[in-house]
file final27.cif (mmCIF, C-alpha atoms)
data_run
#
loop_
_atom_site.label_atom_id
_atom_site.label_comp_id
_atom_site.auth_asym_id
_atom_site.auth_seq_id
_atom_site.Cartn_x
_atom_site.Cartn_y
_atom_site.Cartn_z
CA MET A 1 174.68 -36.02 -8.24
CA ALA A 2 174.52 -32.69 -6.42
CA GLU A 3 178.12 -32.81 -5.21
CA PRO A 4 179.78 -30.90 -8.10
CA PHE A 5 177.14 -28.17 -7.89
CA VAL A 6 177.46 -27.96 -4.11
CA LYS A 7 181.25 -27.64 -4.37
CA ALA A 8 180.94 -24.79 -6.85
CA LEU A 9 178.22 -23.06 -4.87
CA SER A 10 180.10 -23.40 -1.58
CA ARG A 11 182.82 -21.17 -3.05
CA SER A 12 180.28 -18.52 -4.06
CA PRO A 13 178.44 -15.93 -1.95
CA ILE A 14 175.11 -17.60 -2.77
CA SER A 15 173.28 -18.68 0.37
CA PRO A 16 171.15 -21.80 0.76
CA ASN A 17 168.14 -19.56 1.45
CA ALA A 18 168.71 -17.71 -1.84
CA ILE A 19 168.66 -21.05 -3.63
CA THR A 20 165.41 -21.96 -1.85
CA VAL A 21 163.74 -18.73 -2.93
CA THR A 22 165.07 -19.08 -6.47
CA GLY A 23 163.68 -22.63 -6.64
CA VAL A 24 160.24 -21.38 -5.60
CA VAL A 25 160.33 -18.63 -8.23
CA VAL A 26 161.37 -21.15 -10.91
CA THR A 27 158.50 -23.43 -9.85
CA LEU A 28 156.10 -20.50 -10.13
CA VAL A 29 157.29 -20.11 -13.72
CA ALA A 30 156.67 -23.83 -14.30
CA ALA A 31 153.16 -23.43 -12.85
CA TRP A 32 152.43 -20.49 -15.14
CA LEU A 33 153.69 -22.44 -18.14
CA ALA A 34 151.47 -25.39 -17.17
CA SER A 35 148.44 -23.07 -16.87
CA GLU A 36 149.18 -21.87 -20.40
CA GLY A 37 149.31 -25.45 -21.70
CA ARG A 38 153.03 -25.31 -22.40
CA LEU A 39 153.47 -28.66 -20.75
CA LEU A 40 156.83 -29.82 -22.06
CA VAL A 41 158.53 -26.54 -21.20
CA SER A 42 156.81 -26.57 -17.81
CA GLY A 43 158.20 -30.05 -17.14
CA LEU A 44 161.71 -28.94 -18.10
CA VAL A 45 161.50 -25.85 -15.88
CA LEU A 46 160.14 -27.98 -13.03
CA GLY A 47 163.18 -30.23 -13.44
CA GLY A 48 165.42 -27.20 -12.94
CA ALA A 49 163.45 -26.14 -9.89
CA SER A 50 163.78 -29.65 -8.47
CA LEU A 51 167.54 -29.44 -8.85
CA LEU A 52 167.54 -26.20 -6.88
CA ASP A 53 165.31 -27.79 -4.23
CA MET A 54 167.86 -30.57 -3.86
CA LEU A 55 170.80 -28.16 -3.70
CA ASP A 56 169.63 -25.80 -0.97
CA GLY A 57 169.77 -28.33 1.86
CA ALA A 58 172.90 -30.00 0.52
CA LEU A 59 174.66 -26.62 0.36
CA ALA A 60 173.51 -25.72 3.87
CA ARG A 61 174.88 -28.98 5.28
CA ALA A 62 178.14 -28.77 3.30
CA THR A 63 178.85 -25.21 4.44
CA GLY A 64 177.60 -25.57 8.01
CA LYS A 65 174.86 -23.01 7.33
CA THR A 66 171.88 -25.07 8.47
CA THR A 67 169.45 -22.95 10.45
CA THR A 68 165.98 -23.37 11.88
CA PHE A 69 164.78 -20.53 9.69
CA GLY A 70 166.30 -22.19 6.63
CA ALA A 71 164.36 -25.37 7.38
CA ILE A 72 161.15 -23.38 7.84
CA LEU A 73 161.79 -21.41 4.63
CA ASP A 74 162.44 -24.65 2.74
CA SER A 75 159.22 -26.27 3.99
CA THR A 76 157.22 -23.14 3.25
CA GLY A 77 158.73 -22.95 -0.22
CA ASP A 78 157.88 -26.60 -0.82
CA ARG A 79 154.22 -26.03 0.10
CA LEU A 80 154.02 -22.91 -2.06
CA SER A 81 155.66 -24.74 -4.96
CA ASP A 82 153.32 -27.73 -4.62
CA ALA A 83 150.26 -25.49 -4.52
CA ALA A 84 151.34 -23.28 -7.40
CA LEU A 85 152.14 -26.19 -9.70
CA LEU A 86 148.90 -28.04 -9.01
CA VAL A 87 146.85 -24.84 -9.33
CA GLY A 88 148.58 -24.15 -12.65
CA ILE A 89 147.68 -27.63 -13.84
CA ALA A 90 144.10 -27.23 -12.55
CA LEU A 91 143.76 -23.97 -14.47
CA TRP A 92 144.87 -25.70 -17.65
CA PHE A 93 142.38 -28.52 -17.10
CA THR A 94 139.65 -25.94 -16.43
CA GLN A 95 140.47 -24.11 -19.67
CA GLN A 96 140.14 -27.46 -21.44
CA GLY A 97 136.70 -27.89 -19.88
CA ASN A 98 137.85 -31.03 -18.07
CA THR A 99 135.99 -30.81 -14.77
CA THR A 100 136.95 -34.33 -13.68
CA ALA A 101 140.66 -33.63 -14.15
CA THR A 102 140.30 -30.32 -12.30
CA LEU A 103 138.66 -32.06 -9.34
CA VAL A 104 141.30 -34.81 -9.29
CA THR A 105 143.97 -32.11 -9.29
CA TYR A 106 142.37 -30.50 -6.23
CA VAL A 107 142.33 -33.91 -4.51
CA ALA A 108 146.05 -34.18 -5.31
CA LEU A 109 146.63 -30.72 -3.84
CA ILE A 110 144.71 -31.40 -0.63
CA ALA A 111 146.23 -34.85 -0.13
CA SER A 112 149.74 -33.50 -0.80
CA PHE A 113 149.27 -30.84 1.86
CA LEU A 114 147.90 -33.40 4.32
CA VAL A 115 150.93 -35.65 3.78
CA SER A 116 153.22 -32.78 4.72
CA TYR A 117 150.97 -31.59 7.54
CA LEU A 118 150.85 -35.03 9.14
CA ARG A 119 154.63 -35.29 9.09
CA ALA A 120 154.99 -31.87 10.68
CA ARG A 121 152.25 -32.52 13.24
CA GLY A 122 153.69 -35.91 14.12
CA GLU A 123 157.17 -34.46 14.56
CA ALA A 124 155.73 -31.64 16.69
CA VAL A 125 154.52 -34.22 19.22
CA GLY A 126 157.77 -36.17 19.05
CA PHE A 127 156.93 -38.91 16.54
CA ASP A 128 158.93 -39.66 13.42
CA CYS A 129 156.48 -39.65 10.51
CA THR A 130 158.25 -40.29 7.24
CA VAL A 131 156.23 -43.39 6.36
CA GLY A 132 154.15 -43.61 3.25
CA LEU A 133 153.92 -44.42 -0.39
CA CYS A 134 154.20 -40.93 -1.84
CA THR A 135 156.38 -38.24 -0.29
CA ARG A 136 157.28 -34.94 -1.97
CA PRO A 137 160.12 -36.21 -4.19
CA GLU A 138 157.88 -38.91 -5.65
CA ARG A 139 155.08 -36.41 -6.26
CA VAL A 140 157.39 -33.97 -8.04
CA ILE A 141 158.93 -36.70 -10.18
CA VAL A 142 155.53 -38.05 -11.22
CA LEU A 143 154.22 -34.57 -12.06
CA ALA A 144 157.37 -33.66 -13.99
CA LEU A 145 157.12 -36.89 -16.00
CA GLY A 146 153.45 -36.20 -16.68
CA LEU A 147 154.26 -32.72 -17.95
CA LEU A 148 157.17 -33.95 -20.06
CA THR A 149 155.17 -36.74 -21.68
CA GLY A 150 151.80 -35.03 -21.93
CA PHE A 151 150.19 -37.60 -19.63
CA VAL A 152 149.28 -34.90 -17.13
CA PHE A 153 145.96 -36.37 -16.03
CA VAL A 154 147.55 -39.76 -15.41
CA ALA A 155 150.30 -38.11 -13.36
CA VAL A 156 147.85 -36.03 -11.34
CA ALA A 157 145.64 -39.08 -10.73
CA ILE A 158 148.65 -41.06 -9.51
CA VAL A 159 149.63 -38.21 -7.18
CA ALA A 160 146.04 -37.89 -5.90
CA PHE A 161 145.75 -41.62 -5.24
CA CYS A 162 149.22 -42.20 -3.80
CA SER A 163 149.08 -39.09 -1.63
CA SER A 164 145.68 -40.14 -0.29
CA VAL A 165 147.08 -43.57 0.55
CA THR A 166 150.02 -41.88 2.28
CA VAL A 167 147.62 -39.76 4.37
CA VAL A 168 145.95 -42.95 5.61
CA GLN A 169 149.34 -44.62 6.20
CA ARG A 170 150.55 -41.66 8.25
CA LEU A 171 147.35 -41.42 10.26
CA LEU A 172 147.56 -45.11 11.14
CA HIS A 173 151.27 -44.75 11.95
CA LEU A 174 150.59 -41.80 14.26
CA GLN A 175 147.70 -43.65 15.89
CA ARG A 176 150.03 -46.60 16.61
CA LYS A 177 152.73 -44.28 17.94
CA GLY A 178 150.18 -42.58 20.15
CA LYS A 179 149.02 -45.89 21.60
CA GLU A 180 152.61 -46.98 22.21
CA SER A 181 153.27 -43.78 24.14
CA GLY A 182 150.16 -44.22 26.27
CA ASP A 183 147.85 -41.81 24.45
#
call {"tool": "encode", "arguments": {"input": "final27.cif", "output": "structure tokens"}}
result
Amino acid sequence: MAEPFVKALSRSPISPNAITVTGVVVTLVAAWLASEGRLLVSGLVLGGASLLDMLDGALARATGKTTTFGAILDSTGDRLSDAALLVGIALWFTQQGNTTATLVTYVALIASFLVSYLRARGEAVGFDCTVGLCTRPERVIVLALGLLTGFVFVAVAIVAFCSSVTVVQRLLHLQRKGKESGD
């Protein structure tokens, strides 16, 4: 799906890192729109940001411009994007007076960060840690669908639950890996 875009971008002076930063900025716009209750538009903008998120790495690989900094920038941008979007949604729920939905959104935020943290921490000690029910692409898709359809609470609840399950799955996976390596 990304191939035609990558081909066009590879002939341009646009760098993968510029696409990463642009994707984060577009997600910040989606978060602001969500906080304002403009859910459908937020979902559409998030879809555009997701396309950019998919293109940055593909462009880097296609042009031989993969760098350690690019990977760090991409991961940092992903965390910022996740946080901004969920905070935007939490603000909207708060404005609606929906305390339960706000709290569930914070659970989704914390669990999403833990999923990513456990992968990074596992990889830092030499263990592959991509296991789990709900990685970032699934979370973004579910949230985008929730925004597009108006079923935002359902989407956030799914992300909170599935991300929490993934945290447990990754902890158990890392525990097993640690035992196998003699820890």
call {"tool": "atom_distance", "arguments": {"input": "final27.cif", "atom1": "CA of Ser15 (chain A)", "atom2": "CA of Thr27 (chain A)"}}
result
18.6 Å
call {"tool": "resolve_selection", "arguments": {"input": "final27.cif", "expression": "the PyMOL selection byres ((chain A and resi 171-178) around 8)", "output": "list in words"}}
result
Leu118, Gly122, Phe127, Cys129, Val131, Val167, Val168, Gln169, Arg170, Lys179, Glu180, Ser181, Gly182 and Asp183 of chain A
call {"tool": "closest_residue", "arguments": {"input": "final27.cif", "among": "A:Thr63, A:Ser42, A:Ser116, A:Ser50", "to": "Ser10 (chain A)", "atoms": "only C-alpha atoms"}}
result
A:Thr63
call {"tool": "atom_distance", "arguments": {"input": "final27.cif", "atom1": "CA of Val41 (chain A)", "atom2": "CA of Ser164 (chain A)"}}
result
28.1 Å
call {"tool": "closest_residue", "arguments": {"input": "final27.cif", "among": "A:Thr76, A:Phe69, A:Leu148, A:Phe153", "to": "Tyr106 (chain A)", "atoms": "all atoms listed in the file"}}
result
A:Phe153
call {"tool": "atom_distance", "arguments": {"input": "final27.cif", "atom1": "CA of Arg79 (chain A)", "atom2": "CA of Asp128 (chain A)"}}
result
19.6 Å
call {"tool": "closest_residue", "arguments": {"input": "final27.cif", "among": "A:Leu51, A:Ala144, A:Leu33, A:Cys134", "to": "Val165 (chain A)", "atoms": "only C-alpha atoms"}}
result
A:Cys134
call {"tool": "resolve_selection", "arguments": {"input": "final27.cif", "expression": "the PyMOL selection byres ((chain A and resi 146) around 12)", "output": "VMD selection string"}}
result
chain A and resid 34 39 to 44 46 to 47 89 139 to 145 147 to 159
call {"tool": "closest_residue", "arguments": {"input": "final27.cif", "among": "A:Gly48, A:Val25, A:Gly132, A:Ile72", "to": "Ala84 (chain A)", "atoms": "all atoms listed in the file"}}
result
A:Val25
call {"tool": "closest_residue", "arguments": {"input": "final27.cif", "among": "A:Glu138, A:Leu73, A:Glu36, A:Leu80", "to": "Gln95 (chain A)", "atoms": "all atoms listed in the file"}}
result
A:Glu36
call {"tool": "build_atoms", "arguments": {"input": "final27.cif", "residues": "region 63-74 of chain A", "atoms": "all heavy atoms", "output": "mmCIF file, in the coordinates of the input"}}
result
data_model
loop_
_atom_site.group_PDB
_atom_site.id
_atom_site.type_symbol
_atom_site.label_atom_id
_atom_site.label_comp_id
_atom_site.auth_asym_id
_atom_site.auth_seq_id
_atom_site.Cartn_x
_atom_site.Cartn_y
_atom_site.Cartn_z
ATOM 1 N N THR A 63 178.194 -26.446 3.994
ATOM 2 C CA THR A 63 178.850 -25.210 4.440
ATOM 3 C C THR A 63 178.607 -24.915 5.916
ATOM 4 O O THR A 63 179.068 -23.891 6.416
ATOM 5 C CB THR A 63 178.377 -24.011 3.598
ATOM 6 O OG1 THR A 63 176.953 -23.885 3.717
ATOM 7 C CG2 THR A 63 178.787 -24.166 2.142
ATOM 8 N N GLY A 64 177.892 -25.797 6.595
ATOM 9 C CA GLY A 64 177.600 -25.570 8.010
ATOM 10 C C GLY A 64 176.636 -24.413 8.228
ATOM 11 O O GLY A 64 176.632 -23.790 9.287
ATOM 12 N N LYS A 65 175.796 -24.126 7.233
ATOM 13 C CA LYS A 65 174.860 -23.010 7.330
ATOM 14 C C LYS A 65 173.420 -23.471 7.541
ATOM 15 O O LYS A 65 172.474 -22.792 7.140
ATOM 16 C CB LYS A 65 174.946 -22.146 6.067
ATOM 17 C CG LYS A 65 176.275 -21.438 5.907
ATOM 18 C CD LYS A 65 176.291 -20.587 4.651
ATOM 19 C CE LYS A 65 177.637 -19.898 4.497
ATOM 20 N NZ LYS A 65 177.709 -19.125 3.247
ATOM 21 N N THR A 66 173.244 -24.622 8.174
ATOM 22 C CA THR A 66 171.880 -25.070 8.470
ATOM 23 C C THR A 66 171.334 -24.221 9.604
ATOM 24 O O THR A 66 172.018 -23.964 10.595
ATOM 25 C CB THR A 66 171.845 -26.559 8.861
ATOM 26 O OG1 THR A 66 172.692 -26.761 9.982
ATOM 27 C CG2 THR A 66 172.286 -27.459 7.714
ATOM 28 N N THR A 67 170.112 -23.746 9.427
ATOM 29 C CA THR A 67 169.450 -22.950 10.450
ATOM 30 C C THR A 67 167.998 -23.389 10.576
ATOM 31 O O THR A 67 167.440 -23.972 9.637
ATOM 32 C CB THR A 67 169.471 -21.439 10.111
ATOM 33 O OG1 THR A 67 168.698 -21.225 8.922
ATOM 34 C CG2 THR A 67 170.898 -20.914 9.930
ATOM 35 N N THR A 68 167.395 -23.079 11.691
ATOM 36 C CA THR A 68 165.980 -23.370 11.880
ATOM 37 C C THR A 68 165.158 -22.588 10.868
ATOM 38 O O THR A 68 164.236 -23.122 10.255
ATOM 39 C CB THR A 68 165.546 -23.018 13.316
ATOM 40 O OG1 THR A 68 166.353 -23.780 14.225
ATOM 41 C CG2 THR A 68 164.085 -23.330 13.552
ATOM 42 N N PHE A 69 165.516 -21.320 10.675
ATOM 43 C CA PHE A 69 164.780 -20.530 9.690
ATOM 44 C C PHE A 69 164.923 -21.115 8.293
ATOM 45 O O PHE A 69 163.953 -21.144 7.531
ATOM 46 C CB PHE A 69 165.241 -19.064 9.684
ATOM 47 C CG PHE A 69 164.546 -18.274 8.607
ATOM 48 C CD1 PHE A 69 163.207 -17.919 8.749
ATOM 49 C CD2 PHE A 69 165.199 -17.938 7.441
ATOM 50 C CE1 PHE A 69 162.542 -17.231 7.736
ATOM 51 C CE2 PHE A 69 164.543 -17.251 6.422
ATOM 52 C CZ PHE A 69 163.218 -16.884 6.578
ATOM 53 N N GLY A 70 166.100 -21.580 7.943
ATOM 54 C CA GLY A 70 166.300 -22.190 6.630
ATOM 55 C C GLY A 70 165.392 -23.387 6.426
ATOM 56 O O GLY A 70 164.823 -23.575 5.342
ATOM 57 N N ALA A 71 165.247 -24.200 7.470
ATOM 58 C CA ALA A 71 164.360 -25.370 7.380
ATOM 59 C C ALA A 71 162.905 -24.930 7.218
ATOM 60 O O ALA A 71 162.155 -25.522 6.433
ATOM 61 C CB ALA A 71 164.516 -26.241 8.619
ATOM 62 N N ILE A 72 162.517 -23.890 7.948
ATOM 63 C CA ILE A 72 161.150 -23.380 7.840
ATOM 64 C C ILE A 72 160.914 -22.778 6.452
ATOM 65 O O ILE A 72 159.881 -23.014 5.825
ATOM 66 C CB ILE A 72 160.863 -22.349 8.950
ATOM 67 C CG1 ILE A 72 160.832 -23.058 10.305
ATOM 68 C CG2 ILE A 72 159.564 -21.586 8.699
ATOM 69 C CD1 ILE A 72 160.843 -22.132 11.499
ATOM 70 N N LEU A 73 161.894 -22.000 5.961
ATOM 71 C CA LEU A 73 161.790 -21.410 4.630
ATOM 72 C C LEU A 73 161.677 -22.500 3.566
ATOM 73 O O LEU A 73 160.856 -22.402 2.652
ATOM 74 C CB LEU A 73 162.997 -20.512 4.350
ATOM 75 C CG LEU A 73 163.009 -19.803 2.994
ATOM 76 C CD1 LEU A 73 161.861 -18.807 2.901
ATOM 77 C CD2 LEU A 73 164.358 -19.113 2.784
ATOM 78 N N ASP A 74 162.472 -23.549 3.699
ATOM 79 C CA ASP A 74 162.440 -24.650 2.740
ATOM 80 C C ASP A 74 161.074 -25.329 2.742
ATOM 81 O O ASP A 74 160.494 -25.570 1.672
ATOM 82 C CB ASP A 74 163.551 -25.656 3.067
ATOM 83 C CG ASP A 74 163.612 -26.767 2.040
ATOM 84 O OD1 ASP A 74 163.769 -26.472 0.839
ATOM 85 O OD2 ASP A 74 163.498 -27.941 2.443
#
